[in-house]
$ cat protein.txt   # compact mmCIF, C-alpha atoms
# COMPACT_ATOMS: atom_id res chain seq x y z
CA MET A 1 0.00 0.00 0.00
CA SER A 2 1.53 3.25 -1.09
CA PHE A 3 1.55 6.13 1.35
CA ILE A 4 1.00 9.62 0.01
CA ASN A 5 1.73 12.45 2.40
CA TYR A 6 0.35 15.76 1.13
CA SER A 7 1.83 17.60 4.06
CA SER A 8 5.45 16.65 3.43
CA ARG A 9 4.67 16.10 -0.29
CA GLU A 10 6.01 12.58 -0.40
CA ILE A 11 5.03 9.36 -2.12
CA ASN A 12 6.26 6.16 -0.42
CA CYS A 13 6.05 2.77 -2.10
CA LYS A 14 7.20 -0.70 -1.12
CA ILE A 15 9.06 -3.02 -3.48
CA VAL A 16 9.90 -6.60 -2.52
CA TYR A 17 12.66 -8.73 -4.07
CA TYR A 18 11.47 -12.33 -4.03
CA GLY A 19 13.15 -15.54 -5.18
CA PRO A 20 14.75 -18.81 -4.13
CA GLY A 21 17.58 -19.01 -1.59
CA LEU A 22 20.96 -17.73 -2.81
CA CYS A 23 19.56 -16.28 -6.07
CA GLY A 24 21.03 -12.84 -5.35
CA LYS A 25 18.25 -10.74 -3.83
CA THR A 26 20.49 -9.32 -1.11
CA THR A 27 23.29 -8.82 -3.66
CA ASN A 28 20.92 -6.64 -5.74
CA LEU A 29 20.29 -4.38 -2.75
CA GLN A 30 23.96 -4.32 -1.81
CA TYR A 31 24.87 -3.18 -5.32
CA ILE A 32 22.17 -0.48 -5.29
CA PHE A 33 23.43 0.66 -1.88
CA LYS A 34 27.03 0.77 -3.10
CA ARG A 35 26.33 2.62 -6.31
CA MET A 36 23.67 5.11 -5.35
CA ASN A 37 24.52 8.60 -4.27
CA PRO A 38 24.52 8.52 -0.42
CA GLU A 39 22.12 11.48 -0.44
CA SER A 40 19.58 9.43 -2.36
CA ARG A 41 19.59 6.36 -0.20
CA GLY A 42 19.41 5.53 3.48
CA LYS A 43 21.15 2.87 5.50
CA MET A 44 20.87 -0.73 4.43
CA ILE A 45 19.60 -3.00 7.17
CA SER A 46 20.21 -6.73 6.92
CA LEU A 47 18.62 -9.06 9.42
CA ALA A 48 20.80 -12.03 8.61
CA THR A 49 22.25 -15.11 10.27
CA GLU A 50 25.93 -15.36 11.24
CA THR A 51 26.56 -16.97 7.88
CA ASP A 52 24.99 -14.03 6.04
CA ARG A 53 21.81 -15.82 5.05
CA THR A 54 18.79 -13.53 5.23
CA LEU A 55 16.85 -14.35 8.38
CA PHE A 56 13.99 -11.88 8.16
CA PHE A 57 14.61 -9.18 5.57
CA ASP A 58 17.01 -6.67 4.09
CA PHE A 59 15.80 -3.11 3.84
CA LEU A 60 17.08 -0.23 1.75
CA PRO A 61 15.22 3.09 1.37
CA VAL A 62 15.96 4.99 -1.86
CA SER A 63 14.80 8.37 -3.15
CA MET A 64 14.33 8.80 -6.87
CA GLY A 65 13.70 12.53 -7.17
CA GLU A 66 10.53 14.54 -7.56
CA ILE A 67 7.43 14.16 -9.66
CA ARG A 68 5.16 17.21 -9.78
CA GLY A 69 6.61 18.50 -6.54
CA PHE A 70 6.30 15.18 -4.73
CA LYS A 71 9.40 13.40 -3.47
CA THR A 72 9.32 9.74 -4.46
CA ARG A 73 10.70 7.25 -1.97
CA PHE A 74 10.88 3.53 -2.45
CA HIS A 75 11.41 1.03 0.34
CA LEU A 76 13.23 -1.98 -1.05
CA TYR A 77 12.89 -5.22 0.87
CA THR A 78 14.17 -8.73 0.27
CA VAL A 79 12.58 -11.85 1.67
CA PRO A 80 14.50 -14.82 3.12
CA GLY A 81 14.67 -17.26 0.22
CA GLN A 82 15.05 -20.49 2.13
CA VAL A 83 11.90 -22.61 1.95
CA PHE A 84 11.35 -22.90 5.71
CA TYR A 85 11.10 -19.12 6.23
CA ASP A 86 7.70 -18.97 4.58
CA ALA A 87 5.95 -17.30 7.53
CA SER A 88 8.44 -14.41 7.35
CA ARG A 89 8.00 -14.08 3.58
CA ARG A 90 4.28 -13.68 4.00
CA LEU A 91 4.75 -10.86 6.50
CA ILE A 92 7.15 -8.97 4.27
CA LEU A 93 4.72 -9.08 1.34
CA ARG A 94 2.15 -7.13 3.36
CA GLY A 95 1.47 -3.77 1.78
CA VAL A 96 3.72 -4.46 -1.20
CA ASP A 97 3.32 -2.23 -4.27
CA GLY A 98 5.58 -4.13 -6.65
CA VAL A 99 7.62 -7.33 -6.82
CA VAL A 100 10.93 -8.19 -8.44
CA PHE A 101 11.21 -11.92 -8.86
CA CYS A 102 14.89 -12.77 -8.93
CA ALA A 103 15.49 -16.16 -10.57
CA ASP A 104 18.72 -18.14 -10.40
CA SER A 105 19.72 -18.90 -14.01
CA GLN A 106 21.68 -22.06 -13.16
CA LEU A 107 20.13 -25.17 -14.73
CA THR A 108 20.21 -26.97 -11.40
CA ARG A 109 18.04 -24.28 -9.81
CA MET A 110 15.05 -24.41 -12.15
CA ASP A 111 12.92 -26.42 -9.71
CA SER A 112 13.75 -23.97 -6.91
CA ASN A 113 12.80 -21.04 -9.16
CA LEU A 114 9.47 -22.59 -9.95
CA GLU A 115 8.81 -23.52 -6.34
CA SER A 116 9.59 -19.99 -5.18
CA PHE A 117 7.50 -18.44 -7.97
CA ASP A 118 4.51 -20.61 -7.02
CA ASN A 119 5.09 -19.71 -3.40
CA LEU A 120 5.04 -16.00 -4.35
CA LYS A 121 1.68 -16.43 -6.05
CA ILE A 122 0.21 -18.29 -3.06
CA ASN A 123 1.48 -15.70 -0.59
CA LEU A 124 0.28 -12.77 -2.69
CA ARG A 125 -3.18 -14.29 -2.87
CA GLU A 126 -3.12 -14.79 0.88
CA GLN A 127 -2.41 -11.07 1.33
CA GLY A 128 -5.33 -10.17 -0.91
CA TYR A 129 -3.42 -9.43 -4.10
CA ASP A 130 -4.08 -10.74 -7.57
CA PRO A 131 -0.75 -12.31 -8.65
CA ASP A 132 -1.71 -11.74 -12.28
CA ARG A 133 -2.08 -7.99 -11.82
CA ILE A 134 0.46 -6.85 -9.26
CA PRO A 135 3.39 -4.89 -10.77
CA LEU A 136 6.04 -7.54 -11.45
CA VAL A 137 9.48 -7.62 -13.06
CA LEU A 138 11.54 -10.74 -13.65
CA GLN A 139 15.28 -10.80 -13.26
CA TYR A 140 17.34 -13.76 -14.48
CA ASN A 141 20.45 -13.54 -12.36
CA LYS A 142 23.90 -15.17 -12.49
CA ARG A 143 24.19 -14.93 -16.28
CA ASP A 144 27.99 -15.08 -15.92
CA ILE A 145 27.94 -18.74 -14.84
CA ASN A 146 28.52 -21.48 -17.46
CA SER A 147 25.67 -23.93 -16.97
CA VAL A 148 22.71 -21.58 -17.19
CA ALA A 149 19.30 -21.94 -18.80
CA SER A 150 18.68 -19.92 -21.95
CA LEU A 151 16.64 -16.76 -21.86
CA SER A 152 13.83 -18.45 -23.81
CA GLU A 153 13.77 -21.37 -21.34
CA LEU A 154 13.49 -18.99 -18.39
CA HIS A 155 10.88 -16.95 -20.20
CA ALA A 156 8.83 -20.08 -20.88
CA LEU A 157 9.21 -21.22 -17.27
CA LEU A 158 8.32 -17.98 -15.49
CA ASN A 159 7.10 -15.19 -17.69
CA TYR A 160 3.53 -16.24 -18.44
CA ARG A 161 2.39 -12.64 -17.87
CA ASN A 162 4.92 -11.27 -20.33
CA VAL A 163 6.22 -8.71 -17.86
CA PRO A 164 9.56 -6.88 -18.29
CA GLU A 165 12.48 -9.31 -17.87
CA PHE A 166 16.18 -8.65 -17.44
CA GLU A 167 19.36 -10.71 -17.51
CA SER A 168 21.67 -9.82 -14.67
CA VAL A 169 24.89 -10.42 -12.83
CA ALA A 170 24.07 -8.80 -9.50
CA THR A 171 27.62 -9.16 -8.17
CA THR A 172 28.93 -6.81 -10.87
CA GLY A 173 25.74 -4.80 -11.24
CA VAL A 174 24.72 -5.93 -14.73
CA GLY A 175 20.95 -5.49 -15.03
CA VAL A 176 20.47 -4.35 -11.42
CA PHE A 177 19.44 -0.75 -12.05
CA GLU A 178 17.52 -1.71 -15.21
CA THR A 179 15.42 -4.03 -13.04
CA LEU A 180 14.91 -1.37 -10.38
CA LYS A 181 13.89 1.26 -12.91
CA ALA A 182 11.42 -1.11 -14.56
CA ILE A 183 9.67 -1.99 -11.30
CA ILE A 184 9.55 1.65 -10.17
CA LYS A 185 7.92 2.60 -13.46
CA LEU A 186 5.33 -0.17 -13.14
CA VAL A 187 4.59 0.78 -9.52
CA LEU A 188 4.01 4.43 -10.41
CA ILE A 189 1.82 3.54 -13.38
CA ASP A 190 -0.16 1.26 -11.09
CA LEU A 191 -0.42 4.00 -8.47
CA LYS A 192 -1.89 6.29 -11.08
CA LYS A 193 -4.42 3.65 -12.08
CA GLY A 194 -5.10 3.20 -8.38
CA ARG A 195 -5.64 -0.48 -8.20
CA LYS A 196 -4.41 -3.05 -5.75
CA MET B 1 -11.68 5.26 -1.57
CA ASN B 2 -8.76 3.50 -3.05
CA PRO B 3 -7.70 0.48 -0.98
CA GLY B 4 -4.20 0.68 -2.43
CA HIS B 5 -3.39 4.15 -1.06
CA PHE B 6 -3.07 5.69 2.33
CA ILE B 7 -3.35 9.43 1.92
CA LEU B 8 -2.51 11.94 4.59
CA HIS B 9 -3.61 15.54 4.09
CA GLU B 10 -2.30 18.66 5.78
CA LYS B 11 -5.24 18.95 8.19
CA GLU B 12 -4.95 15.42 9.56
CA TYR B 13 -1.17 15.67 9.60
CA THR B 14 -1.39 18.75 11.83
CA GLU B 15 -3.87 17.00 14.11
CA ILE B 16 -1.58 13.96 14.38
CA GLN B 17 1.33 16.25 15.16
CA SER B 18 -0.52 17.85 18.06
CA VAL B 19 -1.50 14.43 19.48
CA LEU B 20 2.13 13.31 19.31
CA GLN B 21 3.39 16.54 20.90
CA LYS B 22 0.94 16.13 23.76
CA LEU B 23 1.88 12.49 24.23
CA LEU B 24 5.55 13.45 24.24
CA ALA B 25 5.02 16.05 26.95
CA ASP B 26 2.54 14.08 29.08
CA SER B 27 4.59 10.89 29.11
CA TYR B 28 7.98 12.62 29.62
CA ALA B 29 9.23 10.71 26.59
CA LYS B 30 12.31 11.46 24.51
CA VAL B 31 10.73 10.83 21.17
CA VAL B 32 7.46 9.60 19.70
CA PHE B 33 6.90 8.14 16.22
CA LEU B 34 3.77 7.22 14.30
CA ILE B 35 4.35 4.64 11.57
CA ASP B 36 2.09 2.71 9.24
CA LYS B 37 2.14 -1.07 9.38
CA ASN B 38 4.21 -1.21 6.19
CA GLY B 39 7.04 0.72 7.80
CA SER B 40 6.49 4.25 6.46
CA LEU B 41 6.95 7.06 8.93
CA LEU B 42 3.87 9.30 9.20
CA SER B 43 4.94 11.73 11.84
CA SER B 44 7.25 12.17 14.81
CA ALA B 45 7.86 14.44 17.78
CA GLY B 46 10.78 15.05 20.15
CA GLU B 47 14.51 14.48 19.73
CA THR B 48 14.19 12.92 16.28
CA GLY B 49 17.53 14.24 15.06
CA LYS B 50 19.38 11.55 17.03
CA PHE B 51 17.63 8.69 15.26
CA ASP B 52 17.63 7.14 11.81
CA THR B 53 13.87 7.48 11.56
CA THR B 54 13.47 5.55 8.29
CA SER B 55 15.29 2.49 9.62
CA LEU B 56 13.49 2.75 12.92
CA ALA B 57 10.10 2.80 11.17
CA SER B 58 10.93 -0.21 9.04
CA LEU B 59 12.24 -2.27 11.96
CA ALA B 60 9.33 -1.36 14.26
CA ALA B 61 6.91 -2.47 11.53
CA GLY B 62 8.92 -5.69 11.10
CA ASN B 63 8.82 -6.19 14.86
CA ILE B 64 5.02 -5.81 14.99
CA ALA B 65 4.64 -8.07 11.95
CA ALA B 66 6.82 -10.78 13.48
CA THR B 67 5.10 -10.72 16.87
CA GLY B 68 1.75 -10.68 15.05
CA GLY B 69 2.86 -13.86 13.32
CA LEU B 70 3.79 -15.38 16.69
CA ALA B 71 0.42 -14.33 18.12
CA SER B 72 -1.52 -16.10 15.40
CA LEU B 73 0.52 -19.26 15.97
CA ILE B 74 -0.76 -19.44 19.54
CA GLY B 75 -4.30 -18.47 18.59
CA GLU B 76 -4.08 -14.79 19.57
CA LYS B 77 -5.29 -12.09 17.22
CA GLU B 78 -2.34 -9.83 17.86
CA PHE B 79 0.09 -8.71 20.53
CA SER B 80 -0.93 -5.10 20.50
CA ILE B 81 1.75 -3.81 22.89
CA LEU B 82 5.49 -4.52 22.88
CA PHE B 83 7.92 -3.23 25.44
CA HIS B 84 11.70 -3.33 25.05
CA GLU B 85 13.80 -2.47 28.05
CA GLY B 86 17.32 -1.15 27.58
CA GLU B 87 20.06 0.02 29.94
CA ARG B 88 19.26 3.69 29.38
CA ASP B 89 16.37 3.92 26.97
CA ASN B 90 13.20 1.89 26.65
CA MET B 91 10.81 1.47 23.78
CA HIS B 92 7.04 1.09 23.97
CA ILE B 93 5.44 -0.03 20.70
CA SER B 94 1.69 -0.28 20.28
CA VAL B 95 -0.77 -0.88 17.47
CA VAL B 96 -3.34 1.83 16.82
CA GLU B 97 -6.66 0.80 15.27
CA ASN B 98 -5.01 -2.25 13.74
CA ARG B 99 -3.36 -0.01 11.13
CA LEU B 100 -0.74 2.25 12.62
CA ILE B 101 2.13 1.76 15.04
CA LEU B 102 2.93 4.19 17.82
CA VAL B 103 6.50 4.09 19.13
CA VAL B 104 7.51 5.88 22.33
CA ILE B 105 11.14 6.02 23.41
CA PHE B 106 11.71 7.06 27.01
CA ASP B 107 14.32 6.93 29.75
CA ARG B 108 14.34 7.02 33.57
CA ARG B 109 12.45 10.29 33.68
CA SER B 110 9.34 8.30 32.82
CA SER B 111 7.96 4.82 33.49
CA VAL B 112 6.29 2.11 31.48
CA GLY B 113 3.07 2.57 33.46
CA LEU B 114 2.87 6.26 32.68
CA VAL B 115 3.70 5.71 29.02
CA ARG B 116 1.06 3.01 28.74
CA LEU B 117 -1.55 5.27 30.30
CA ARG B 118 -0.75 8.21 28.02
CA VAL B 119 -0.55 6.01 24.95
CA ARG B 120 -4.07 4.73 25.63
CA ARG B 121 -5.31 8.31 25.64
CA ALA B 122 -3.44 9.17 22.45
CA ASP B 123 -4.89 6.04 20.81
CA GLU B 124 -8.40 7.45 21.18
CA PHE B 125 -7.48 10.71 19.48
CA LEU B 126 -5.54 8.97 16.73
CA GLY B 127 -8.51 6.66 16.14
CA ARG B 128 -10.72 9.68 15.55
CA ILE B 129 -8.23 11.21 13.14
CA LEU B 130 -8.00 7.93 11.24
CA LYS B 131 -11.76 7.95 10.92
CA SER B 132 -11.71 11.39 9.36
CA ILE B 133 -8.92 10.26 6.99
CA ASP B 134 -11.18 7.40 5.87
CA GLU B 135 -14.12 9.75 5.45
CA ALA B 136 -12.04 12.15 3.37
CA ALA B 137 -10.99 9.22 1.17
CA LEU B 138 -14.63 8.13 0.79
CA ASN B 139 -15.58 11.63 -0.28
CA ASP B 140 -12.99 11.30 -3.00
CA GLU B 141 -10.84 14.11 -1.69
CA GLU B 142 -7.86 11.88 -1.87
CA GLY B 143 -6.15 12.65 -5.14
CA GLU B 144 -6.20 16.41 -5.50
CA GLY B 145 -5.39 15.49 -9.06
CA VAL B 146 -1.67 14.99 -8.58
CA ILE B 147 -1.52 11.20 -8.63
CA GLU B 148 -4.30 10.74 -11.17
CA GLU B 149 -2.66 13.19 -13.55
CA LEU B 150 0.77 11.59 -13.50
CA THR B 151 1.91 11.08 -17.08
CA GLU B 152 4.38 8.63 -18.56
CA ALA B 153 6.61 11.65 -19.20
CA ASP B 154 6.52 12.54 -15.47
CA ILE B 155 7.56 9.02 -14.59
CA GLU B 156 10.28 8.98 -17.26
CA SER B 157 11.63 12.27 -15.89
CA LEU B 158 12.76 10.42 -12.76
CA PHE B 159 15.33 8.50 -14.74
CA LYS B 160 16.92 11.32 -16.72
$ encode --input "protein.txt" --output "structure tokens"
Amino acid sequence: MSFINYSSREINCKIVYYGPGLCGKTTNLQYIFKRMNPESRGKMISLATETDRTLFFDFLPVSMGEIRGFKTRFHLYTVPGQVFYDASRRLILRGVDGVVFCADSQLTRMDSNLESFDNLKINLREQGYDPDRIPLVLQYNKRDINSVASLSELHALLNYRNVPEFESVATTGVGVFETLKAIIKLVLIDLKKGRK
Amino acid sequence: MNPGHFILHEKEYTEIQSVLQKLLADSYAKVVFLIDKNGSLLSSAGETGKFDTTSLASLAAGNIAATGGLASLIGEKEFSILFHEGERDNMHISVVENRLILVVIFDRRSSVGLVRLRVRRADEFLGRILKSIDEAALNDEEGEGVIEELTEADIESLFK
């Protein structure tokens, strides 16, 4: 649920990075944190285990400038990807305005991608969203690894809605900002249409 | 009313501010925050300069969400009050009308009993303000044209 404050002239929206464990959701946020002008982003918070696996969520607030005199702020969250953290994932999806589904391109991870994507749809429905209408962008990560699925295979597996899709290497930043821009655009268009 | 937006106008913002200022004074607190359940900061009062308010809002919302999850696991609807005790500062977190989160940070000058009492009072006022926010939304005052009139060009301008 976006929050529009006419007093401070701000629009706040929530974007969640979803995907299977170790697909690179946190790495996306870390890259955005590293590359964005410090004045345009806040602190990055990671609630992680001692071995750097996301336990609850990562959080990064970013400002994207003004539209018609309104500051636009986006709260980026990641979910814990590991299957057994499903209760936490559900909580983080509450009030979401847009989702980036980050898929792991490695051939061995196709089942995990599908399982996580199905889990996203179930959890969105549970929060009252229509998974076929919520602003969604797909990111196919780890394109620098040898044994990866082709773009058309990933498209056939996940992109039944024909939403924007991007190849990425989150560790070096390839595709990271393209993905972020695409989801921000979709969220703002959706905000204008005013539908949940 | 659009279920996907929460819109705060100047009038209600000012009213919220005065409730928070009164709560701050009456409870001898250091700082008071009002946050929505998604982690966006609505308003604050007191020594806010010392805190990273955005992070605080997000973590308080995460805290309420997590304890809410725990509550439902044991068959409770919600744990509507959380209290964290520190060496110097303490934090009282409560849910307002099932939609907002009120955070009060206080030290030895106050007590949890006093804070709880004052928070209950503030809850009533905030509940009334929320009602008028809902009514304004129902009367379609929400957009003032700005959001509805966003163009693709406006959105594109963010990325130039």
$ interface_residues --input "protein.txt" --of "chain A" --to "chain B" --cutoff "8 Å" --atoms "all atoms listed in the file" --output "number ranges by chain"
A: 1-7, 12, 14, 42-43, 45, 59, 61, 64-68, 87-88, 91-92, 94-95, 181, 185, 188-189, 191-196
$ atom_distance --input "protein.txt" --atom1 "CA of Ala29 (chain B)" --atom2 "CA of Leu56 (chain B)"
16.4 Å
$ closest_residue --input "protein.txt" --among "A:Asp97, A:Glu39, A:Asp190, A:Glu178" --to "Gln127 (chain A)" --atoms "all atoms listed in the file"
A:Asp97
$ closest_residue --input "protein.txt" --among "B:Thr67, B:Ser132, B:Ser110, B:Ser72" --to "Asn90 (chain B)" --atoms "only C-alpha atoms"
B:Ser110
$ closest_residue --input "protein.txt" --among "A:Cys13, A:Phe33, A:Tyr18, A:Pro164" --to "Lys121 (chain A)" --atoms "all atoms listed in the file"
A:Tyr18
$ atom_distance --input "protein.txt" --atom1 "CA of Leu154 (chain A)" --atom2 "CA of Tyr140 (chain A)"
7.6 Å
$ atom_distance --input "protein.txt" --atom1 "CA of Thr172 (chain A)" --atom2 "CA of Tyr31 (chain A)"
7.8 Å
$ closest_residue --input "protein.txt" --among "A:Leu107, A:Val100, A:Met44, A:Val137" --to "Leu151 (chain A)" --atoms "all atoms listed in the file"
A:Leu107
$ residues_around --input "protein.txt" --residues "Ser94 (chain B)" --least-positions-apart "6" --cutoff "10 Å" --atoms "only C-alpha atoms" --output "PyMOL selection string"
chain B and resi 34+60+64+79-83+100-104+116+119-120+123
$ write_last_selection --input "protein.txt" --atoms "C-alpha atoms" --output "PDB file, keeping the file's coordinate frame"
ATOM      1  CA  LEU B  34       3.770   7.220  14.300  1.00  0.00           C
ATOM      2  CA  ALA B  60       9.330  -1.360  14.260  1.00  0.00           C
ATOM      3  CA  ILE B  64       5.020  -5.810  14.990  1.00  0.00           C
ATOM      4  CA  PHE B  79       0.090  -8.710  20.530  1.00  0.00           C
ATOM      5  CA  SER B  80      -0.930  -5.100  20.500  1.00  0.00           C
ATOM      6  CA  ILE B  81       1.750  -3.810  22.890  1.00  0.00           C
ATOM      7  CA  LEU B  82       5.490  -4.520  22.880  1.00  0.00           C
ATOM      8  CA  PHE B  83       7.920  -3.230  25.440  1.00  0.00           C
ATOM      9  CA  LEU B 100      -0.740   2.250  12.620  1.00  0.00           C
ATOM     10  CA  ILE B 101       2.130   1.760  15.040  1.00  0.00           C
ATOM     11  CA  LEU B 102       2.930   4.190  17.820  1.00  0.00           C
ATOM     12  CA  VAL B 103       6.500   4.090  19.130  1.00  0.00           C
ATOM     13  CA  VAL B 104       7.510   5.880  22.330  1.00  0.00           C
ATOM     14  CA  ARG B 116       1.060   3.010  28.740  1.00  0.00           C
ATOM     15  CA  VAL B 119      -0.550   6.010  24.950  1.00  0.00           C
ATOM     16  CA  ARG B 120      -4.070   4.730  25.630  1.00  0.00           C
ATOM     17  CA  ASP B 123      -4.890   6.040  20.810  1.00  0.00           C
TER      18      ASP B 123
END
$ residues_around --input "protein.txt" --residues "Val19 (chain B)" --least-positions-apart "6" --cutoff "10 Å" --atoms "all atoms listed in the file" --output "JSON, numbers by chain"
{"B": [13, 45, 121, 122, 123, 124, 125, 126, 129]}
$ closest_residue --input "protein.txt" --among "A:Ala48, A:Leu138, A:His75, A:Ala170" --to "Ala57 (chain B)" --atoms "all atoms listed in the file"
A:His75
$ residues_around --input "protein.txt" --residues "Asn119 (chain A)" --least-positions-apart "3" --cutoff "10 Å" --atoms "only C-alpha atoms" --output "PyMOL selection string"
chain A and resi 18-20+83+86+89-90+113-116+122-125
$ residues_around --input "protein.txt" --residues "Val62 (chain A)" --least-positions-apart "2" --cutoff "6 Å" --atoms "only C-alpha atoms" --output "JSON, numbers by chain"
{"A": [40, 41, 73, 74]}
$ closest_residue --input "protein.txt" --among "A:Tyr77, A:Phe56, A:Phe70, A:Phe117" --to "Arg9 (chain A)" --atoms "all atoms listed in the file"
A:Phe70
$ residues_near_point --input "protein.txt" --point "(17.2, -19.1, -1.4)" --cutoff "12 Å" --atoms "all atoms listed in the file" --output "number ranges by chain"
A: 17-26, 52-55, 78-86, 89, 101-104, 109, 111-113, 115-117
$ axis_aligned_box --input "protein.txt" --around "region 184-192 of chain A" --padding-each-side "6 Å" --output "JSON"
{"center_x": 3.8, "center_y": 3.1, "center_z": -11.0, "size_x": 23.4, "size_y": 18.5, "size_z": 17.0}
